[in-house]
Each structure stands twice: as structure tokens, then as C-alpha cells.
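In what follows, a single structure is set out as C-alpha cells and then discussed.
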Amino acid sequence: MEIQVIEKTNGRINRVTGTTIKERLRVCAYCRVSTDNEEQLNSYQSQLKYYDEKINSKSEWQFAGIYADEAISGTLDFKRTNFMNMIQDAMQGKIDMILTKSISRFARNTLDTLKYVRMLKEKNVAILFEEENINTGSGQGELVLTLLSAMAQ
């Protein structure tokens, strides 16, 4: 029996076609605060600034926008207009990766979190949950995401 050596591929791989992606990664951010009190609004403005600077500072990333919902609960996805716009843009192939502060900022409902993670994964879109250090595009287990999103409820 002969062993076949598969060389390491440099760069990103399209999980659907298996080909190397040569373009810059189109990255957006999603921010949300659930109330309009002053402390939360300061957090909201800080998130917007942080993600604008973070995405634009990486030469391998192309800025794909910041989607933000202000003073809106994360429990009902359809009430978060900019969240739904981001999902639609991602499904249309306009986004490669979504940055968000935490699972609880993305969604407060385990079923919604998993539904959108799976939908986006099908379209080769990764989500980076910064606080939990989970990148859905890196092959980390869905079990960890399930447990952490359940705690975010």
C-alpha cells in the first residue's frame, strides 16, 4: 500500500469547492445593545469604533460594514433589522466573516444561535465570537458553542 502525502495549502480554502481563495476576506461586525441607557449607549459607540478600527487595520481583510442594532433585545431575531440585513448579505455572498463581541450579542436564544451559525457555515461564512474565542470557520466543535449559547440565555 502506497502512502500519499498531501501538501499543506497556504491561505483560505473554500469548503464547498476545495479551492484556495485568493481574495481578501470580506469582514463585517455585528454590534448590539439591549437598552438605551447611557452606559449601554457608550458601550455601543465603543463597539462601533473598535470594530471599524480592527477590520480596517488588517491588510488581509476587506471592510464589509458594521451592522448594529441599538436598544433591541436579542431574543427575537426578526425585530433586529440590521442583524437580518447582515444575514441576508452573508447569504448573498457579500460577507466571508462576521466579528461579534460575544454569543450573547449575536443572539440570546440557543436555537437562533445554532440556526444562524449552521446557515452561514453552509455559505462558507465564519463567525468569530471574541469573548469566547470561538471561530466557527476553524473547525471548533459545535458542542462548545451550544453549551456557551445556552449559558448566554
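Convention: chains lettered A, B, ... in C-alpha cells order; per-chain residue numbering from 1; ligands numbered from 1 as shown.
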
Q. Looking only at the backbone, which of the residues in range 52-128 of chain A does DSSP tag as helix (DSSP H, G or I), as a PyMOL selection string?
A. chain A and resi 52-57+77-79+81-91+103-106+110-122

(Q) I need the residue nearest Phe106 in chain A from this list: A:Ala126, A:Ala90, A:Leu76, A:Cys31. Use only C-alpha atoms for the distance. (A)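 Residue with the minimum atom-to-atom distance to Phe106 in chain A: A:Cys31.
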
Q. Between CA of Glu131 in chain A and CA of Thr100 in chain A, what is the distance, to one decimal in Å?
A. 8.7 Å

**Q.** All residues 12 Å or closer to range 116-118 of chain A, only C-alpha atoms, same chain fewer than 5 positions away omitted, as a PyMOL selection string
**A.** chain A and resi 77+83-84+86-88+90-91+97-98+103+106-107+109-111+123-129+134-137+141-142+145-146+149
